[in-house]
file query-v4.cif (mmCIF, C-alpha atoms)
data_entry
loop_
_atom_site.label_atom_id
_atom_site.label_comp_id
_atom_site.auth_asym_id
_atom_site.auth_seq_id
_atom_site.Cartn_x
_atom_site.Cartn_y
_atom_site.Cartn_z
CA MET A 30 28.11 -91.74 83.48
CA SER A 31 27.64 -94.35 80.76
CA SER A 32 27.81 -91.60 78.12
CA PHE A 33 31.32 -90.79 79.39
CA PHE A 34 32.39 -94.42 78.96
CA HIS A 35 30.69 -94.61 75.57
CA LEU A 36 32.60 -91.52 74.43
CA LEU A 37 35.85 -92.87 75.86
CA THR A 38 35.31 -96.21 74.09
CA ARG A 39 34.67 -94.46 70.78
CA LEU A 40 37.82 -92.37 71.24
CA ILE A 41 39.91 -95.46 72.00
CA ASP A 42 38.39 -97.28 69.03
CA PHE A 43 39.30 -94.35 66.75
CA PHE A 44 42.98 -94.82 67.62
CA TYR A 45 42.73 -98.60 67.24
CA LYS A 46 42.70 -98.62 63.42
CA PRO A 47 46.51 -98.77 62.89
CA PHE A 48 46.80 -101.58 65.46
CA ARG A 49 43.96 -103.85 64.33
CA LYS A 50 46.26 -106.23 62.42
CA PHE A 51 48.44 -106.77 65.49
CA ILE A 52 46.17 -106.77 68.53
CA PRO A 53 42.52 -107.62 69.25
CA LEU A 54 40.21 -104.68 70.00
CA GLN A 55 39.45 -105.88 73.54
CA THR A 56 43.15 -106.13 74.37
CA PHE A 57 43.75 -102.66 72.92
CA ARG A 58 40.89 -101.23 74.97
CA TYR A 59 42.28 -102.91 78.08
CA GLY A 60 45.75 -101.56 77.34
CA VAL A 61 44.55 -97.99 76.92
CA SER A 62 42.23 -98.20 79.94
CA GLY A 63 44.96 -99.75 82.03
CA GLY A 64 47.42 -97.17 80.76
CA LEU A 65 45.12 -94.35 81.85
CA ASN A 66 44.72 -95.94 85.27
CA LEU A 67 48.47 -96.51 85.47
CA VAL A 68 49.18 -92.83 84.77
CA LEU A 69 46.61 -91.82 87.40
CA ASP A 70 48.16 -94.28 89.87
CA THR A 71 51.70 -93.02 89.29
CA VAL A 72 50.77 -89.33 89.53
CA LEU A 73 48.69 -89.83 92.68
CA TYR A 74 51.41 -91.99 94.21
CA PHE A 75 54.04 -89.31 93.54
CA ILE A 76 51.82 -86.62 95.11
CA ALA A 77 51.00 -88.74 98.15
CA PHE A 78 54.60 -89.85 98.74
CA HIS A 79 56.24 -86.46 98.23
CA PHE A 80 53.61 -83.96 99.36
CA ILE A 81 51.08 -85.67 101.63
CA PHE A 82 53.46 -87.88 103.59
CA GLN A 83 56.57 -85.83 102.75
CA LYS A 84 58.75 -88.95 102.74
CA GLN A 85 58.25 -89.31 106.53
CA LEU A 86 57.34 -92.36 108.59
CA ILE A 87 53.70 -92.40 109.68
CA ASP A 88 53.19 -93.33 113.34
CA LEU A 89 49.64 -94.63 113.78
CA GLY A 90 50.20 -95.44 117.46
CA PHE A 91 50.02 -99.20 117.04
CA VAL A 92 52.25 -99.44 113.95
CA VAL A 93 54.69 -97.25 112.05
CA VAL A 94 54.08 -97.18 108.32
CA SER A 95 56.71 -96.23 105.77
CA PRO A 96 55.75 -93.31 103.51
CA TYR A 97 55.84 -95.39 100.33
CA ILE A 98 53.44 -97.97 101.80
CA ALA A 99 51.20 -95.19 103.18
CA ALA A 100 51.09 -93.62 99.71
CA LEU A 101 50.18 -97.02 98.25
CA CYS A 102 47.29 -97.32 100.76
CA VAL A 103 45.93 -93.86 99.91
CA VAL A 104 46.11 -94.32 96.15
CA PHE A 105 44.76 -97.87 96.08
CA PRO A 106 41.02 -97.18 96.64
CA ILE A 107 40.97 -94.50 93.96
CA THR A 108 42.63 -96.59 91.29
CA PHE A 109 40.68 -99.68 92.39
CA PHE A 110 37.30 -98.16 91.54
CA ASN A 111 38.60 -96.29 88.52
CA GLY A 112 40.13 -99.50 87.15
CA PHE A 113 36.96 -101.51 87.77
CA LEU A 114 34.80 -98.96 85.96
CA LEU A 115 37.18 -98.77 82.99
CA ASN A 116 37.34 -102.55 82.74
CA ARG A 117 33.59 -103.04 83.12
CA TYR A 118 32.44 -100.29 80.77
CA VAL A 119 35.28 -100.07 78.25
CA ALA A 120 37.50 -103.17 78.00
CA PHE A 121 35.16 -106.03 78.95
CA ARG A 122 31.76 -104.46 78.42
CA LYS A 123 30.24 -107.59 76.87
CA SER A 124 30.87 -109.81 79.89
CA PRO A 125 27.76 -111.84 80.72
CA LEU A 126 28.50 -111.77 84.45
CA ARG A 127 26.48 -109.55 86.79
CA GLY A 128 28.09 -106.38 88.09
CA ARG A 129 28.31 -107.52 91.71
CA VAL A 130 29.99 -110.79 90.64
CA GLN A 131 32.45 -108.80 88.54
CA LEU A 132 33.15 -106.43 91.44
CA PHE A 133 33.74 -109.32 93.85
CA ARG A 134 36.05 -111.09 91.40
CA TYR A 135 37.78 -107.82 90.61
CA GLY A 136 38.35 -107.34 94.34
CA LEU A 137 39.95 -110.78 94.56
CA SER A 138 42.22 -110.20 91.58
CA VAL A 139 43.18 -106.73 92.76
CA SER A 140 43.93 -108.13 96.22
CA GLY A 141 46.50 -110.34 94.52
CA ALA A 142 47.85 -107.31 92.67
CA LEU A 143 48.05 -105.38 95.94
CA LEU A 144 50.01 -108.20 97.57
CA ILE A 145 52.38 -108.28 94.61
CA ASN A 146 52.72 -104.48 94.84
CA TYR A 147 53.45 -104.61 98.56
CA ALA A 148 55.97 -107.44 98.34
CA LEU A 149 57.82 -105.92 95.40
CA MET A 150 57.86 -102.44 96.98
CA LYS A 151 59.44 -103.95 100.09
CA LEU A 152 61.94 -105.85 97.95
CA PHE A 153 62.87 -102.97 95.63
CA VAL A 154 63.01 -100.20 98.24
CA GLU A 155 64.22 -101.96 101.40
CA THR A 156 66.37 -104.73 99.93
CA PHE A 157 67.65 -103.24 96.66
CA HIS A 158 67.51 -99.60 97.89
CA PHE A 159 65.84 -98.33 94.72
CA TYR A 160 63.91 -95.05 94.76
CA PRO A 161 60.21 -95.58 95.58
CA THR A 162 58.58 -93.77 92.63
CA PRO A 163 60.58 -95.48 89.84
CA SER A 164 60.17 -98.77 91.71
CA LYS A 165 56.41 -98.27 91.70
CA ALA A 166 56.46 -97.57 87.96
CA VAL A 167 58.37 -100.81 87.23
CA ILE A 168 56.12 -102.78 89.56
CA ASN A 169 53.08 -101.38 87.77
CA ILE A 170 54.27 -103.00 84.54
CA ILE A 171 54.61 -106.38 86.24
CA VAL A 172 51.21 -106.05 87.89
CA THR A 173 49.61 -104.98 84.60
CA VAL A 174 50.44 -108.33 82.99
CA TYR A 175 49.09 -110.20 86.03
CA SER A 176 45.95 -108.03 86.06
CA TYR A 177 45.20 -108.47 82.38
CA LEU A 178 45.31 -112.24 82.67
CA MET A 179 43.12 -112.17 85.79
CA GLN A 180 40.55 -109.80 84.25
CA LYS A 181 40.31 -111.67 80.97
CA TYR A 182 40.18 -115.20 82.34
CA PHE A 183 38.59 -114.71 85.76
CA THR A 184 36.88 -111.41 86.56
CA PHE A 185 35.15 -110.81 83.23
CA ARG A 186 35.27 -114.42 82.00
CA GLY A 187 32.97 -115.22 79.11
CA CYS A 188 33.42 -111.85 77.48
CA GLU A 189 33.79 -112.48 73.78
CA GLU A 190 36.24 -110.46 71.71
CA GLU A 191 34.68 -107.63 69.74
#

call {"tool": "encode", "arguments": {"input": "query-v4.cif", "output": "structure tokens"}}
result
Amino acid sequence: MSSFFHLLTRLIDFFYKPFRKFIPLQTFRYGVSGGLNLVLDTVLYFIAFHFIFQKQLIDLGFVVVSPYIAALCVVFPITFFNGFLLNRYVAFRKSPLRGRVQLFRYGLSVSGALLINYALMKLFVETFHFYPTPSKAVINIIVTVYSYLMQKYFTFRGCEEE
């Protein structure tokens, strides 16, 4: 698995050359890694919302879940672990913290991101009556800024710039 991340890092670094005067390498790696995870999140969310839940309410017996929140719950674990691995092995690979500490901190920061996602989905879809998929895409941009700051200064703290 580490050879995959090594290859991915080398590929990202190859495309970094034109940007090196404007952005640090670590930030570029985070941006590309996050972008890949964002695309995965958006595609999986679209599939879950439209094809798995077919835009229908989900009655779990004790609670009824809206299809856009159900899709969020299905996609979350996939992008959680994918995002952690990309951050750990590509963007912040020089962090001195142990893996389990990083995973715990990542869980805390992603919990905040999930709460932001949930609150903004409720606001955009139920209050503003925006379509769920474009709402999710806009929310992803907001959450990306939050996530970058949390990863850099909390989850993978102490990771020097390369």

call {"tool": "closest_residue", "arguments": {"input": "query-v4.cif", "among": "A:Val130, A:Ala120, A:Ile81, A:Leu65", "to": "His35 (chain A)", "atoms": "only C-alpha atoms"}}
result
A:Ala120

call {"tool": "atom_distance", "arguments": {"input": "query-v4.cif", "atom1": "CA of Leu37 (chain A)", "atom2": "CA of Arg122 (chain A)"}}
result
12.6 Å

call {"tool": "atom_distance", "arguments": {"input": "query-v4.cif", "atom1": "CA of Tyr175 (chain A)", "atom2": "CA of Arg127 (chain A)"}}
result
22.6 Å

call {"tool": "atom_distance", "arguments": {"input": "query-v4.cif", "atom1": "CA of Asn111 (chain A)", "atom2": "CA of Phe34 (chain A)"}}
result
11.6 Å

call {"tool": "residues_around", "arguments": {"input": "query-v4.cif", "residues": "region 54-59 of chain A", "least_positions_apart": "3", "cutoff": "10 Å", "atoms": "only C-alpha atoms", "output": "PDB file with C-alpha atoms, keeping the file's coordinate frame"}}
result
ATOM      1  CA  LEU A  37      35.850 -92.870  75.860  1.00  0.00           C
ATOM      2  CA  THR A  38      35.310 -96.210  74.090  1.00  0.00           C
ATOM      3  CA  ILE A  41      39.910 -95.460  72.000  1.00  0.00           C
ATOM      4  CA  ASP A  42      38.390 -97.280  69.030  1.00  0.00           C
ATOM      5  CA  PHE A  44      42.980 -94.820  67.620  1.00  0.00           C
ATOM      6  CA  TYR A  45      42.730 -98.600  67.240  1.00  0.00           C
ATOM      7  CA  LYS A  46      42.700 -98.620  63.420  1.00  0.00           C
ATOM      8  CA  PHE A  48      46.800-101.580  65.460  1.00  0.00           C
ATOM      9  CA  ARG A  49      43.960-103.850  64.330  1.00  0.00           C
ATOM     10  CA  LYS A  50      46.260-106.230  62.420  1.00  0.00           C
ATOM     11  CA  PHE A  51      48.440-106.770  65.490  1.00  0.00           C
ATOM     12  CA  SER A  62      42.230 -98.200  79.940  1.00  0.00           C
ATOM     13  CA  GLY A  63      44.960 -99.750  82.030  1.00  0.00           C
ATOM     14  CA  GLY A  64      47.420 -97.170  80.760  1.00  0.00           C
ATOM     15  CA  LEU A  65      45.120 -94.350  81.850  1.00  0.00           C
ATOM     16  CA  GLY A 112      40.130 -99.500  87.150  1.00  0.00           C
ATOM     17  CA  LEU A 115      37.180 -98.770  82.990  1.00  0.00           C
ATOM     18  CA  ASN A 116      37.340-102.550  82.740  1.00  0.00           C
ATOM     19  CA  VAL A 119      35.280-100.070  78.250  1.00  0.00           C
ATOM     20  CA  ALA A 120      37.500-103.170  78.000  1.00  0.00           C
ATOM     21  CA  PHE A 121      35.160-106.030  78.950  1.00  0.00           C
ATOM     22  CA  ARG A 122      31.760-104.460  78.420  1.00  0.00           C
ATOM     23  CA  LYS A 123      30.240-107.590  76.870  1.00  0.00           C
ATOM     24  CA  TYR A 177      45.200-108.470  82.380  1.00  0.00           C
ATOM     25  CA  GLN A 180      40.550-109.800  84.250  1.00  0.00           C
ATOM     26  CA  LYS A 181      40.310-111.670  80.970  1.00  0.00           C
ATOM     27  CA  CYS A 188      33.420-111.850  77.480  1.00  0.00           C
ATOM     28  CA  GLU A 189      33.790-112.480  73.780  1.00  0.00           C
ATOM     29  CA  GLU A 190      36.240-110.460  71.710  1.00  0.00           C
ATOM     30  CA  GLU A 191      34.680-107.630  69.740  1.00  0.00           C
TER      31      GLU A 191
END

call {"tool": "residues_near_point", "arguments": {"input": "query-v4.cif", "point": "(52.6, -101.8, 82.2)", "cutoff": "12 Å", "atoms": "all atoms listed in the file", "output": "number ranges by chain"}}
result
A: 59-68, 70-71, 165-177

call {"tool": "closest_residue", "arguments": {"input": "query-v4.cif", "among": "A:Ile98, A:Thr162, A:Arg129, A:Phe183", "to": "Leu143 (chain A)", "atoms": "all atoms listed in the file"}}
result
A:Ile98

call {"tool": "closest_residue", "arguments": {"input": "query-v4.cif", "among": "A:Met150, A:Cys102, A:Leu126, A:Leu178", "to": "Ser138 (chain A)", "atoms": "all atoms listed in the file"}}
result
A:Leu178

call {"tool": "decode", "arguments": {"input": "query-v4.cif", "residues": "region 62-73 of chain A", "atoms": "all heavy atoms", "output": "PDB file, in the first residue's frame"}}
result
ATOM      1  N   SER A  62      -4.731  16.016  -2.733  1.00  0.00           N
ATOM      2  CA  SER A  62      -5.307  14.883  -1.992  1.00  0.00           C
ATOM      3  C   SER A  62      -6.747  15.166  -1.602  1.00  0.00           C
ATOM      4  O   SER A  62      -7.634  14.326  -1.775  1.00  0.00           O
ATOM      5  CB  SER A  62      -4.492  14.600  -0.728  1.00  0.00           C
ATOM      6  OG  SER A  62      -3.173  14.257  -1.043  1.00  0.00           O
ATOM      7  N   GLY A  63      -6.970  16.361  -1.073  1.00  0.00           N
ATOM      8  CA  GLY A  63      -8.324  16.751  -0.702  1.00  0.00           C
ATOM      9  C   GLY A  63      -9.235  16.830  -1.910  1.00  0.00           C
ATOM     10  O   GLY A  63     -10.409  16.464  -1.839  1.00  0.00           O
ATOM     11  N   GLY A  64      -8.698  17.312  -3.020  1.00  0.00           N
ATOM     12  CA  GLY A  64      -9.477  17.377  -4.249  1.00  0.00           C
ATOM     13  C   GLY A  64      -9.904  15.995  -4.722  1.00  0.00           C
ATOM     14  O   GLY A  64     -11.047  15.799  -5.151  1.00  0.00           O
ATOM     15  N   LEU A  65      -8.987  15.046  -4.649  1.00  0.00           N
ATOM     16  CA  LEU A  65      -9.324  13.668  -5.022  1.00  0.00           C
ATOM     17  C   LEU A  65     -10.409  13.109  -4.109  1.00  0.00           C
ATOM     18  O   LEU A  65     -11.365  12.473  -4.567  1.00  0.00           O
ATOM     19  CB  LEU A  65      -8.081  12.776  -4.964  1.00  0.00           C
ATOM     20  CG  LEU A  65      -6.999  13.042  -6.007  1.00  0.00           C
ATOM     21  CD1 LEU A  65      -5.746  12.236  -5.686  1.00  0.00           C
ATOM     22  CD2 LEU A  65      -7.508  12.728  -7.396  1.00  0.00           C
ATOM     23  N   ASN A  66     -10.278  13.359  -2.820  1.00  0.00           N
ATOM     24  CA  ASN A  66     -11.279  12.884  -1.870  1.00  0.00           C
ATOM     25  C   ASN A  66     -12.613  13.610  -2.065  1.00  0.00           C
ATOM     26  O   ASN A  66     -13.675  13.015  -1.926  1.00  0.00           O
ATOM     27  CB  ASN A  66     -10.776  13.051  -0.436  1.00  0.00           C
ATOM     28  CG  ASN A  66     -11.403  12.054   0.506  1.00  0.00           C
ATOM     29  OD1 ASN A  66     -11.629  10.896   0.156  1.00  0.00           O
ATOM     30  ND2 ASN A  66     -11.683  12.496   1.714  1.00  0.00           N
ATOM     31  N   LEU A  67     -12.554  14.866  -2.423  1.00  0.00           N
ATOM     32  CA  LEU A  67     -13.758  15.654  -2.693  1.00  0.00           C
ATOM     33  C   LEU A  67     -14.509  15.116  -3.905  1.00  0.00           C
ATOM     34  O   LEU A  67     -15.738  14.978  -3.883  1.00  0.00           O
ATOM     35  CB  LEU A  67     -13.382  17.115  -2.913  1.00  0.00           C
ATOM     36  CG  LEU A  67     -14.490  18.083  -3.267  1.00  0.00           C
ATOM     37  CD1 LEU A  67     -15.426  18.265  -2.081  1.00  0.00           C
ATOM     38  CD2 LEU A  67     -13.900  19.418  -3.666  1.00  0.00           C
ATOM     39  N   VAL A  68     -13.775  14.780  -4.960  1.00  0.00           N
ATOM     40  CA  VAL A  68     -14.407  14.199  -6.152  1.00  0.00           C
ATOM     41  C   VAL A  68     -15.047  12.859  -5.791  1.00  0.00           C
ATOM     42  O   VAL A  68     -16.197  12.587  -6.168  1.00  0.00           O
ATOM     43  CB  VAL A  68     -13.390  14.049  -7.309  1.00  0.00           C
ATOM     44  CG1 VAL A  68     -13.951  13.197  -8.438  1.00  0.00           C
ATOM     45  CG2 VAL A  68     -12.975  15.419  -7.828  1.00  0.00           C
ATOM     46  N   LEU A  69     -14.315  12.030  -5.060  1.00  0.00           N
ATOM     47  CA  LEU A  69     -14.866  10.744  -4.629  1.00  0.00           C
ATOM     48  C   LEU A  69     -16.127  10.959  -3.800  1.00  0.00           C
ATOM     49  O   LEU A  69     -17.150  10.298  -4.021  1.00  0.00           O
ATOM     50  CB  LEU A  69     -13.826   9.967  -3.814  1.00  0.00           C
ATOM     51  CG  LEU A  69     -14.293   8.642  -3.207  1.00  0.00           C
ATOM     52  CD1 LEU A  69     -14.597   7.634  -4.310  1.00  0.00           C
ATOM     53  CD2 LEU A  69     -13.244   8.097  -2.245  1.00  0.00           C
ATOM     54  N   ASP A  70     -16.079  11.892  -2.862  1.00  0.00           N
ATOM     55  CA  ASP A  70     -17.224  12.195  -2.003  1.00  0.00           C
ATOM     56  C   ASP A  70     -18.434  12.633  -2.832  1.00  0.00           C
ATOM     57  O   ASP A  70     -19.550  12.150  -2.624  1.00  0.00           O
ATOM     58  CB  ASP A  70     -16.845  13.296  -1.007  1.00  0.00           C
ATOM     59  CG  ASP A  70     -17.989  13.652  -0.081  1.00  0.00           C
ATOM     60  OD1 ASP A  70     -18.180  12.926   0.908  1.00  0.00           O
ATOM     61  OD2 ASP A  70     -18.681  14.646  -0.351  1.00  0.00           O
ATOM     62  N   THR A  71     -18.229  13.526  -3.771  1.00  0.00           N
ATOM     63  CA  THR A  71     -19.331  14.056  -4.572  1.00  0.00           C
ATOM     64  C   THR A  71     -19.942  12.976  -5.464  1.00  0.00           C
ATOM     65  O   THR A  71     -21.169  12.859  -5.556  1.00  0.00           O
ATOM     66  CB  THR A  71     -18.862  15.263  -5.418  1.00  0.00           C
ATOM     67  OG1 THR A  71     -18.310  16.248  -4.534  1.00  0.00           O
ATOM     68  CG2 THR A  71     -19.994  15.869  -6.205  1.00  0.00           C
ATOM     69  N   VAL A  72     -19.105  12.166  -6.089  1.00  0.00           N
ATOM     70  CA  VAL A  72     -19.612  11.089  -6.957  1.00  0.00           C
ATOM     71  C   VAL A  72     -20.379  10.053  -6.133  1.00  0.00           C
ATOM     72  O   VAL A  72     -21.490   9.646  -6.505  1.00  0.00           O
ATOM     73  CB  VAL A  72     -18.452  10.432  -7.747  1.00  0.00           C
ATOM     74  CG1 VAL A  72     -18.892   9.145  -8.425  1.00  0.00           C
ATOM     75  CG2 VAL A  72     -17.892  11.416  -8.770  1.00  0.00           C
ATOM     76  N   LEU A  73     -19.805   9.630  -5.014  1.00  0.00           N
ATOM     77  CA  LEU A  73     -20.489   8.643  -4.173  1.00  0.00           C
ATOM     78  C   LEU A  73     -21.785   9.210  -3.601  1.00  0.00           C
ATOM     79  O   LEU A  73     -22.793   8.505  -3.506  1.00  0.00           O
ATOM     80  CB  LEU A  73     -19.573   8.175  -3.040  1.00  0.00           C
ATOM     81  CG  LEU A  73     -18.376   7.322  -3.452  1.00  0.00           C
ATOM     82  CD1 LEU A  73     -17.526   6.983  -2.228  1.00  0.00           C
ATOM     83  CD2 LEU A  73     -18.811   6.063  -4.174  1.00  0.00           C
TER      84      LEU A  73
END
